[in-house]
file start-v6.cif (mmCIF, C-alpha atoms)
data_run
loop_
_atom_site.group_PDB
_atom_site.id
_atom_site.type_symbol
_atom_site.label_atom_id
_atom_site.label_comp_id
_atom_site.auth_asym_id
_atom_site.auth_seq_id
_atom_site.Cartn_x
_atom_site.Cartn_y
_atom_site.Cartn_z
ATOM 1 C CA MET R 1 143.543 112.504 104.077
ATOM 2 C CA ALA R 2 140.257 110.609 104.183
ATOM 3 C CA SER R 3 140.523 106.832 104.196
ATOM 4 C CA THR R 4 139.796 104.951 100.989
ATOM 5 C CA GLU R 5 139.041 101.698 102.823
ATOM 6 C CA LEU R 6 135.608 100.427 103.776
ATOM 7 C CA SER R 7 134.798 98.356 106.814
ATOM 8 C CA PRO R 8 133.639 94.814 106.010
ATOM 9 C CA ARG R 9 130.019 95.772 106.722
ATOM 10 C CA GLN R 10 130.270 98.901 104.565
ATOM 11 C CA ARG R 11 131.762 96.901 101.717
ATOM 12 C CA ASP R 12 129.021 94.272 101.985
ATOM 13 C CA ALA R 13 126.338 96.992 101.895
ATOM 14 C CA LEU R 14 127.903 98.665 98.850
ATOM 15 C CA LEU R 15 128.333 95.410 96.955
ATOM 16 C CA ALA R 16 124.765 94.355 97.757
ATOM 17 C CA LEU R 17 123.568 97.654 96.330
ATOM 18 C CA LEU R 18 125.590 97.177 93.132
ATOM 19 C CA ARG R 19 124.391 93.574 92.845
ATOM 20 C CA CYS R 20 120.778 94.696 93.226
ATOM 21 C CA ALA R 21 121.238 97.285 90.477
ATOM 22 C CA ALA R 22 122.762 94.673 88.169
ATOM 23 C CA GLN R 23 120.031 92.099 88.797
ATOM 24 C CA GLY R 24 117.332 94.725 88.373
ATOM 25 C CA GLU R 25 118.804 95.842 85.061
ATOM 26 C CA GLU R 26 118.774 92.261 83.806
ATOM 27 C CA GLU R 27 115.021 92.091 84.464
ATOM 28 C CA VAL R 28 114.410 95.485 82.863
ATOM 29 C CA GLU R 29 116.394 94.454 79.776
ATOM 30 C CA ARG R 30 114.313 91.288 79.423
ATOM 31 C CA ALA R 31 111.167 93.429 79.542
ATOM 32 C CA ARG R 32 112.592 95.783 76.891
ATOM 33 C CA CYS R 33 113.336 92.844 74.612
ATOM 34 C CA ARG R 34 109.877 91.294 75.059
ATOM 35 C CA LEU R 35 108.263 94.579 74.076
ATOM 36 C CA CYS R 36 110.521 95.250 71.115
ATOM 37 C CA LYS R 37 110.116 91.745 69.664
ATOM 38 C CA LEU R 38 106.430 92.492 69.060
ATOM 39 C CA GLN R 39 106.095 93.495 65.412
ATOM 40 C CA ASP R 40 103.061 95.634 66.264
ATOM 41 C CA PHE R 41 105.195 97.753 68.569
ATOM 42 C CA VAL R 42 106.142 101.072 66.965
ATOM 43 C CA PRO R 43 107.818 103.452 69.438
ATOM 44 C CA TYR R 44 106.406 106.680 68.037
ATOM 45 C CA ASP R 45 102.866 105.297 68.042
ATOM 46 C CA ALA R 46 103.278 104.388 71.719
ATOM 47 C CA PHE R 47 104.725 107.835 72.456
ATOM 48 C CA GLN R 48 101.689 109.490 70.883
ATOM 49 C CA SER R 49 99.243 107.126 72.549
ATOM 50 C CA LEU R 50 100.596 107.849 76.024
ATOM 51 C CA GLN R 51 100.091 111.556 75.363
ATOM 52 C CA GLY R 52 96.405 110.863 74.799
ATOM 53 C CA GLY R 53 96.281 110.157 71.075
ATOM 54 C CA CYS R 54 96.812 112.224 67.947
ATOM 55 C CA ARG R 55 94.674 115.110 69.230
ATOM 56 C CA SER R 56 96.758 115.665 72.368
ATOM 57 C CA GLN R 57 100.275 116.050 71.017
ATOM 58 C CA LYS R 58 102.738 118.341 72.783
ATOM 59 C CA GLY R 59 106.034 116.610 72.004
ATOM 60 C CA TRP R 60 106.743 115.257 75.479
ATOM 61 C CA LEU R 61 105.303 113.097 78.242
ATOM 62 C CA SER R 62 104.748 114.132 81.839
ATOM 63 C CA VAL R 63 104.411 111.861 84.846
ATOM 64 C CA THR R 64 100.737 112.855 84.926
ATOM 65 C CA ASP R 65 100.309 111.681 81.298
ATOM 66 C CA VAL R 66 101.771 108.269 82.083
ATOM 67 C CA ILE R 67 99.717 107.911 85.266
ATOM 68 C CA ALA R 68 96.548 108.761 83.323
ATOM 69 C CA TRP R 69 97.394 106.186 80.636
ATOM 70 C CA LEU R 70 98.193 103.492 83.202
ATOM 71 C CA ALA R 71 94.906 104.153 85.014
ATOM 72 C CA GLU R 72 93.063 102.973 81.885
ATOM 73 C CA GLN R 73 94.981 99.707 81.545
ATOM 74 C CA PRO R 74 93.975 96.274 82.933
ATOM 75 C CA HIS R 75 97.247 95.966 84.839
ATOM 76 C CA ALA R 76 98.387 96.231 88.447
ATOM 77 C CA LEU R 77 100.165 99.489 87.589
ATOM 78 C CA ALA R 78 96.766 101.117 87.096
ATOM 79 C CA HIS R 79 96.925 101.806 90.844
ATOM 80 C CA ALA R 80 100.610 102.718 91.032
ATOM 81 C CA ALA R 81 101.602 105.550 93.339
ATOM 82 C CA PRO R 82 102.564 108.730 91.442
ATOM 83 C CA GLU R 83 105.936 108.748 93.227
ATOM 84 C CA ASP R 84 106.732 105.259 91.917
ATOM 85 C CA VAL R 85 105.967 106.276 88.340
ATOM 86 C CA ALA R 86 107.969 109.490 88.738
ATOM 87 C CA VAL R 87 111.073 107.666 89.992
ATOM 88 C CA ALA R 88 110.814 105.099 87.169
ATOM 89 C CA LEU R 89 110.755 107.850 84.527
ATOM 90 C CA ALA R 90 113.288 110.203 86.145
ATOM 91 C CA PRO R 91 116.465 108.730 84.561
ATOM 92 C CA TYR R 92 115.037 109.355 81.099
ATOM 93 C CA GLU R 93 113.653 112.872 81.555
ATOM 94 C CA ASP R 94 115.328 116.083 80.480
ATOM 95 C CA SER R 95 116.368 118.913 82.794
ATOM 96 C CA LEU R 96 112.790 120.260 82.783
ATOM 97 C CA GLY R 97 111.361 116.976 84.017
ATOM 98 C CA GLU R 98 109.837 116.190 80.622
ATOM 99 C CA LEU R 99 110.092 112.844 78.867
ATOM 100 C CA ARG R 100 110.964 113.734 75.271
ATOM 101 C CA TYR R 101 110.982 111.191 72.463
ATOM 102 C CA ASP R 102 114.730 110.513 72.734
ATOM 103 C CA GLY R 103 114.325 109.794 76.455
ATOM 104 C CA PHE R 104 111.302 107.607 75.680
ATOM 105 C CA LEU R 105 113.491 105.567 73.342
ATOM 106 C CA GLN R 106 116.140 105.187 76.051
ATOM 107 C CA LEU R 107 113.432 103.801 78.329
ATOM 108 C CA LEU R 108 112.136 101.314 75.750
ATOM 109 C CA LEU R 109 114.985 100.146 73.543
ATOM 110 C CA PRO R 110 117.210 97.174 74.429
ATOM 111 C CA ARG R 111 120.741 98.098 75.419
ATOM 112 C CA GLY R 112 122.428 94.779 74.761
ATOM 113 C CA ALA R 113 120.669 93.504 71.622
ATOM 114 C CA ALA R 114 121.868 95.973 68.981
ATOM 115 C CA TRP R 115 120.131 94.077 66.167
ATOM 116 C CA LEU R 116 116.752 94.346 67.897
ATOM 117 C CA ARG R 117 117.259 98.025 68.677
ATOM 118 C CA GLU R 118 118.054 98.741 65.035
ATOM 119 C CA ASP R 119 115.057 96.717 63.863
ATOM 120 C CA VAL R 120 112.682 98.699 66.086
ATOM 121 C CA LEU R 121 114.090 102.036 64.921
ATOM 122 C CA LEU R 122 113.345 101.083 61.313
ATOM 123 C CA ARG R 123 109.661 100.533 62.053
ATOM 124 C CA GLY R 124 107.345 103.280 60.908
ATOM 125 C CA PRO R 125 103.637 103.849 61.573
ATOM 126 C CA CYS R 126 102.797 102.285 58.212
ATOM 127 C CA GLN R 127 104.153 98.936 59.446
ATOM 128 C CA ALA R 128 101.900 98.787 62.477
ATOM 129 C CA SER R 129 98.612 96.939 62.640
ATOM 130 C CA PRO R 130 95.410 98.919 61.936
ATOM 131 C CA LEU R 131 94.645 98.841 65.664
ATOM 132 C CA ALA R 132 98.042 100.288 66.545
ATOM 133 C CA ARG R 133 97.778 102.977 63.846
ATOM 134 C CA ASP R 134 94.457 104.266 65.115
ATOM 135 C CA LEU R 135 95.686 106.483 67.919
ATOM 136 C CA ARG R 136 92.145 107.304 68.939
ATOM 137 C CA ARG R 137 91.965 103.748 70.271
ATOM 138 C CA SER R 138 94.212 101.674 72.498
ATOM 139 C CA LEU R 139 97.466 100.167 71.322
ATOM 140 C CA ALA R 140 97.414 96.473 70.450
ATOM 141 C CA PRO R 141 96.688 94.543 73.683
ATOM 142 C CA GLU R 142 99.991 92.663 73.675
ATOM 143 C CA VAL R 143 101.901 95.930 73.160
ATOM 144 C CA THR R 144 99.991 97.561 76.009
ATOM 145 C CA PHE R 145 100.705 94.616 78.310
ATOM 146 C CA CYS R 146 104.436 94.492 77.540
ATOM 147 C CA LEU R 147 104.750 98.265 77.923
ATOM 148 C CA CYS R 148 103.094 98.014 81.341
ATOM 149 C CA GLU R 149 105.414 95.139 82.227
ATOM 150 C CA LEU R 150 108.445 97.258 81.316
ATOM 151 C CA LEU R 151 107.259 100.096 83.532
ATOM 152 C CA GLU R 152 106.597 97.539 86.273
ATOM 153 C CA ALA R 153 110.171 96.245 85.912
ATOM 154 C CA GLU R 154 111.492 99.793 86.323
ATOM 155 C CA LYS R 155 109.311 100.208 89.415
ATOM 156 C CA VAL R 156 110.587 96.957 90.952
ATOM 157 C CA PHE R 157 114.150 97.990 90.087
ATOM 158 C CA ASN R 158 113.773 101.168 92.115
ATOM 159 C CA GLU R 159 111.985 99.444 95.006
ATOM 160 C CA GLY R 160 114.887 97.018 95.382
ATOM 161 C CA LEU R 161 117.418 99.820 95.250
ATOM 162 C CA ARG R 162 115.616 101.775 97.953
ATOM 163 C CA LYS R 163 115.932 98.874 100.400
ATOM 164 C CA HIS R 164 119.648 98.458 99.770
ATOM 165 C CA GLN R 165 120.171 102.207 99.726
ATOM 166 C CA LEU R 166 118.763 102.384 103.249
ATOM 167 C CA ALA R 167 121.058 99.587 104.395
ATOM 168 C CA ALA R 168 124.060 101.369 102.837
ATOM 169 C CA SER R 169 123.035 104.648 104.426
ATOM 170 C CA ASN R 170 122.812 102.973 107.833
ATOM 171 C CA MET R 171 126.406 101.832 107.324
ATOM 172 C CA GLN R 172 127.460 105.439 106.581
ATOM 173 C CA VAL R 173 128.120 104.594 102.933
ATOM 174 C CA ASN R 174 127.803 107.852 101.010
ATOM 175 C CA ARG R 175 128.772 108.997 97.552
ATOM 176 C CA ASP R 176 132.128 110.429 98.686
ATOM 177 C CA ILE R 177 133.117 107.145 100.317
ATOM 178 C CA VAL R 178 132.033 105.218 97.229
ATOM 179 C CA LEU R 179 134.037 107.480 94.931
ATOM 180 C CA ARG R 180 137.193 107.246 97.037
ATOM 181 C CA PHE R 181 136.896 103.477 97.366
ATOM 182 C CA LEU R 182 136.282 102.753 93.683
ATOM 183 C CA ASP R 183 138.819 105.310 92.526
ATOM 184 C CA SER R 184 141.507 103.837 94.780
ATOM 185 C CA LYS R 185 141.009 100.428 93.150
ATOM 186 C CA GLN R 186 141.652 101.632 89.597
ATOM 187 C CA GLY R 187 145.433 101.215 89.756
ATOM 188 C CA VAL R 188 147.136 103.466 87.224
ATOM 189 C CA CYS R 189 143.732 104.975 86.342
ATOM 190 C CA ALA R 190 143.162 106.258 89.890
ATOM 191 C CA GLY R 191 142.675 109.964 90.494
ATOM 192 C CA MET R 192 140.746 110.828 87.338
ATOM 193 C CA GLY R 193 138.638 113.509 88.995
ATOM 194 C CA GLY R 194 135.292 111.801 89.472
ATOM 195 C CA PHE R 195 135.510 109.505 86.457
ATOM 196 C CA LEU R 196 135.633 105.726 86.554
ATOM 197 C CA SER R 197 137.023 103.295 84.024
ATOM 198 C CA PRO R 198 134.487 100.578 83.074
ATOM 199 C CA GLY R 199 137.339 98.127 82.648
ATOM 200 C CA SER R 200 138.680 98.853 86.119
ATOM 201 C CA LEU R 201 135.203 98.565 87.612
ATOM 202 C CA ARG R 202 134.733 95.193 85.901
ATOM 203 C CA TRP R 203 138.090 93.949 87.177
ATOM 204 C CA LEU R 204 137.257 95.059 90.722
ATOM 205 C CA LEU R 205 133.749 93.598 90.885
ATOM 206 C CA VAL R 206 134.313 90.377 88.912
ATOM 207 C CA ASP R 207 137.962 89.408 89.342
ATOM 208 C CA SER R 208 139.149 91.030 92.561
ATOM 209 C CA LEU R 209 136.106 91.039 94.846
ATOM 210 C CA GLN R 210 134.171 88.323 92.974
ATOM 211 C CA ALA R 211 131.008 90.209 93.868
ATOM 212 C CA LEU R 212 129.368 89.921 90.438
ATOM 213 C CA THR R 213 129.360 87.374 87.659
ATOM 214 C CA PRO R 214 130.568 88.646 84.259
ATOM 215 C CA ASP R 215 126.962 88.799 83.038
ATOM 216 C CA LEU R 216 125.795 90.773 86.066
ATOM 217 C CA CYS R 217 128.686 93.190 85.695
ATOM 218 C CA SER R 218 127.770 93.668 82.035
ATOM 219 C CA ALA R 219 124.213 94.449 83.109
ATOM 220 C CA LEU R 220 125.430 96.995 85.659
ATOM 221 C CA LEU R 221 127.653 98.710 83.101
ATOM 222 C CA GLN R 222 124.785 98.606 80.613
ATOM 223 C CA ARG R 223 122.665 100.516 83.124
ATOM 224 C CA VAL R 224 125.212 103.157 84.069
ATOM 225 C CA ASN R 225 126.984 103.443 80.722
ATOM 226 C CA PRO R 226 124.493 102.639 77.928
ATOM 227 C CA ALA R 227 126.552 104.512 75.329
ATOM 228 C CA GLY R 228 129.655 102.454 76.120
ATOM 229 C CA LYS R 229 131.853 105.480 76.864
ATOM 230 C CA CYS R 230 135.479 104.862 77.834
ATOM 231 C CA LEU R 231 134.924 106.733 81.112
ATOM 232 C CA LEU R 232 131.788 107.082 83.212
ATOM 233 C CA SER R 233 131.183 109.761 85.790
ATOM 234 C CA LEU R 234 130.413 109.246 89.442
ATOM 235 C CA GLU R 235 126.989 110.820 88.912
ATOM 236 C CA GLU R 236 126.054 108.115 86.393
ATOM 237 C CA LEU R 237 127.019 105.431 88.875
ATOM 238 C CA VAL R 238 125.211 107.235 91.687
ATOM 239 C CA LYS R 239 121.985 107.315 89.650
ATOM 240 C CA ALA R 240 122.203 103.592 88.925
ATOM 241 C CA MET R 241 122.662 102.816 92.612
ATOM 242 C CA GLY R 242 119.666 104.927 93.580
ATOM 243 C CA LEU R 243 121.709 107.151 95.859
ATOM 244 C CA SER R 244 119.924 110.208 94.520
ATOM 245 C CA ALA R 245 116.241 110.350 93.621
ATOM 246 C CA PRO R 246 114.703 113.599 92.384
ATOM 247 C CA ALA R 247 111.788 114.937 94.346
ATOM 248 C CA TRP R 248 108.514 115.077 92.442
ATOM 249 C CA SER R 249 105.536 117.331 92.802
ATOM 250 C CA PRO R 250 102.611 116.705 90.441
ATOM 251 C CA ARG R 251 101.666 119.288 87.888
ATOM 252 C CA PRO R 252 98.084 120.444 88.510
ATOM 253 C CA LEU R 253 95.452 118.848 86.349
ATOM 254 C CA PRO R 254 93.315 121.187 84.212
ATOM 255 C CA ASN R 255 90.354 121.021 86.586
ATOM 256 C CA GLN R 256 92.671 121.861 89.486
ATOM 257 C CA ILE R 257 94.053 124.947 87.792
ATOM 258 C CA ASP R 258 90.680 126.658 87.580
ATOM 259 C CA GLY R 259 89.680 125.438 91.044
ATOM 260 C CA SER R 260 86.740 123.395 89.787
ATOM 261 C CA GLY R 261 88.185 120.013 90.917
#
call {"tool": "encode", "arguments": {"input": "start-v6.cif", "output": "structure tokens"}}
result
Amino acid sequence: MASTELSPRQRDALLALLRCAAQGEEEVERARCRLCKLQDFVPYDAFQSLQGGCRSQKGWLSVTDVIAWLAEQPHALAHAAPEDVAVALAPYEDSLGELRYDGFLQLLLPRGAAWLREDVLLRGPCQASPLARDLRRSLAPEVTFCLCELLEAEKVFNEGLRKHQLAASNMQVNRDIVLRFLDSKQGVCAGMGGFLSPGSLRWLLVDSLQALTPDLCSALLQRVNPAGKCLLSLEELVKAMGLSAPAWSPRPLPNQIDGSG
């Protein structure tokens, strides 16, 4: 039977990875809240604007759409690498690699502040400023800035994870080892076939190992279990730790399809 124990160096690498994910989620959540506190921010208006305005609606966003929108903004992300944008959007895309409106909301809406999330969902286009309603023009400048800052926070989140992922990989920490280790620490809940108990994970990381503060552990669980389910799968935890990142190949632009580019 494979061992469920980690060497001290493996454990340190795993805990550093989890800590990085928790700290990154805290920053992303702050960016979500800053955006959603703007009364001019209306999610559906932003969704339409990133598609190119009311004349370019197809019901979903591609990585290419977001890159094109960012390129027009006075923000450092205007020069972001396509791969960085793709990885930031990947957790919210559907199985076809498309960012639908429900995924867009998951990207934007706060996960901890239920009152703010509900307030944003009640906003309709009629409540937005004239500038925000005119989808042929840019969104309100403060909305544009905070939306860019949120995408930047997601980018930084993934950059930090990549560094710790490499360190964990060098210590031979893989998903099977992580599953066996965490599962073995669940006490009576051990052996649930690839599912983890949030309560057991909190006890392990906060009380037993003292690797995370209660707030950081809440942020980690918020990232991997936004719906607050009683059990979370290994795959959800793996995604949050950055142990799997989907490959991305850009869709050809219109002028590349006909060979005129």
call {"tool": "atom_distance", "arguments": {"input": "start-v6.cif", "atom1": "atom CA of Tyr44 of chain R", "atom2": "atom CA of Arg111 of chain R"}}
result
18.3 Å
call {"tool": "closest_residue", "arguments": {"input": "start-v6.cif", "among": "R:Arg19, R:Asn158, R:Ala113, R:Glu149", "to": "Glu83 of chain R", "atoms": "all atoms listed in the file"}}
result
R:Asn158
call {"tool": "resolve_selection", "arguments": {"input": "start-v6.cif", "expression": "the PyMOL selection byres ((chain R and resi 22) around 10)", "output": "list in words"}}
result
Ala16, Leu17, Leu18, Arg19, Cys20, Ala21, Gln23, Gly24, Glu25, Glu26, Glu27, Val28, Phe157, Leu212, Thr213, Asp215, Leu216, Cys217, Ser218, Ala219, Leu220, Leu221, Gln222, Arg223, Val224, Ala240 and Met241 of chain R
call {"tool": "atom_distance", "arguments": {"input": "start-v6.cif", "atom1": "atom CA of Gln172 of chain R", "atom2": "atom CA of Leu205 of chain R"}}
result
20.6 Å
call {"tool": "residues_around", "arguments": {"input": "start-v6.cif", "residues": "Gly97 of chain R", "least_positions_apart": "4", "cutoff": "9 Å", "atoms": "only C-alpha atoms", "output": "ChimeraX atom specification"}}
result
/R:62-63,90,92-93
call {"tool": "atom_distance", "arguments": {"input": "start-v6.cif", "atom1": "atom CA of Lys155 of chain R", "atom2": "atom CA of Leu35 of chain R"}}
result
16.4 Å
call {"tool": "resolve_selection", "arguments": {"input": "start-v6.cif", "expression": "the PyMOL selection byres ((chain R and resi 171) around 12)", "output": "PyMOL selection string"}}
result
chain R and resi 6-14+164-170+172-174+177
call {"tool": "closest_residue", "arguments": {"input": "start-v6.cif", "among": "R:Leu234, R:Leu204, R:Leu209, R:Val42", "to": "Leu122 of chain R", "atoms": "all atoms listed in the file"}}
result
R:Val42
call {"tool": "closest_residue", "arguments": {"input": "start-v6.cif", "among": "R:Pro43, R:Pro91, R:Pro74, R:Pro141", "to": "Gly124 of chain R", "atoms": "all atoms listed in the file"}}
result
R:Pro43
call {"tool": "axis_aligned_box", "arguments": {"input": "start-v6.cif", "around": "segment 33-43 of chain R", "padding_each_side": "4 Å", "output": "AutoDock Vina command-line options"}}
result
--center_x 108.2 --center_y 97.4 --center_z 70.2 --size_x 18.3 --size_y 20.2 --size_z 17.6
call {"tool": "resolve_selection", "arguments": {"input": "start-v6.cif", "expression": "the PyMOL selection byres ((chain R and resi 41) around 9)", "output": "MDAnalysis selection string"}}
result
chainID R and resid 35:40 42:43 45:46 120 123 128:129 132 139:140 142:143
call {"tool": "residues_around", "arguments": {"input": "start-v6.cif", "residues": "Phe145 of chain R", "least_positions_apart": "6", "cutoff": "12 Å", "atoms": "all atoms listed in the file", "output": "MDAnalysis selection string"}}
result
chainID R and resid 31 34:35 38 41 70 72:78 138:139 151:152
call {"tool": "closest_residue", "arguments": {"input": "start-v6.cif", "among": "R:Leu232, R:Ala211, R:Leu179, R:Leu99", "to": "Leu15 of chain R", "atoms": "only C-alpha atoms"}}
result
R:Ala211
call {"tool": "decode", "arguments": {"input": "start-v6.cif", "residues": "segment 146-161 of chain R", "atoms": "N, CA, C and O atoms", "output": "short mmCIF file (atom, residue, chain, number, x, y, z; two decimals), in the first residue's frame"}}
result
data_model
loop_
_atom_site.label_atom_id
_atom_site.label_comp_id
_atom_site.auth_asym_id
_atom_site.auth_seq_id
_atom_site.Cartn_x
_atom_site.Cartn_y
_atom_site.Cartn_z
N CYS R 146 -11.42 48.92 -12.50
CA CYS R 146 -11.59 47.87 -11.50
C CYS R 146 -11.73 46.50 -12.15
O CYS R 146 -11.30 45.49 -11.57
N LEU R 147 -12.33 46.44 -13.34
CA LEU R 147 -12.41 45.17 -14.05
C LEU R 147 -11.02 44.70 -14.48
O LEU R 147 -10.68 43.52 -14.35
N CYS R 148 -10.20 45.63 -14.95
CA CYS R 148 -8.81 45.30 -15.28
C CYS R 148 -8.04 44.85 -14.04
O CYS R 148 -7.25 43.90 -14.10
N GLU R 149 -8.28 45.51 -12.92
CA GLU R 149 -7.60 45.15 -11.69
C GLU R 149 -7.99 43.74 -11.22
O GLU R 149 -7.16 43.00 -10.70
N LEU R 150 -9.25 43.37 -11.42
CA LEU R 150 -9.69 42.02 -11.08
C LEU R 150 -8.99 40.98 -11.94
O LEU R 150 -8.50 39.96 -11.45
N LEU R 151 -8.92 41.24 -13.24
CA LEU R 151 -8.22 40.32 -14.13
C LEU R 151 -6.73 40.26 -13.79
O LEU R 151 -6.10 39.20 -13.88
N GLU R 152 -6.17 41.39 -13.38
CA GLU R 152 -4.77 41.42 -12.95
C GLU R 152 -4.58 40.56 -11.69
O GLU R 152 -3.59 39.83 -11.57
N ALA R 153 -5.53 40.64 -10.76
CA ALA R 153 -5.44 39.84 -9.54
C ALA R 153 -5.49 38.35 -9.86
O ALA R 153 -4.77 37.55 -9.25
N GLU R 154 -6.33 37.97 -10.82
CA GLU R 154 -6.37 36.57 -11.24
C GLU R 154 -5.04 36.15 -11.88
O GLU R 154 -4.56 35.04 -11.67
N LYS R 155 -4.47 37.04 -12.65
CA LYS R 155 -3.17 36.76 -13.29
C LYS R 155 -2.08 36.56 -12.23
O LYS R 155 -1.30 35.61 -12.29
N VAL R 156 -2.03 37.46 -11.25
CA VAL R 156 -1.03 37.35 -10.18
C VAL R 156 -1.26 36.08 -9.36
O VAL R 156 -0.30 35.41 -8.96
N PHE R 157 -2.53 35.75 -9.13
CA PHE R 157 -2.86 34.51 -8.42
C PHE R 157 -2.21 33.32 -9.11
O PHE R 157 -1.56 32.49 -8.47
N ASN R 158 -2.37 33.23 -10.41
CA ASN R 158 -1.83 32.10 -11.15
C ASN R 158 -0.31 32.12 -11.25
O ASN R 158 0.33 31.07 -11.24
N GLU R 159 0.28 33.32 -11.34
CA GLU R 159 1.74 33.42 -11.36
C GLU R 159 2.35 32.89 -10.06
O GLU R 159 3.34 32.17 -10.07
N GLY R 160 1.73 33.26 -8.93
CA GLY R 160 2.22 32.76 -7.65
C GLY R 160 2.09 31.26 -7.53
O GLY R 160 3.00 30.58 -7.05
N LEU R 161 0.96 30.73 -8.00
CA LEU R 161 0.76 29.29 -7.94
C LEU R 161 1.79 28.53 -8.77
O LEU R 161 2.26 27.46 -8.38
#
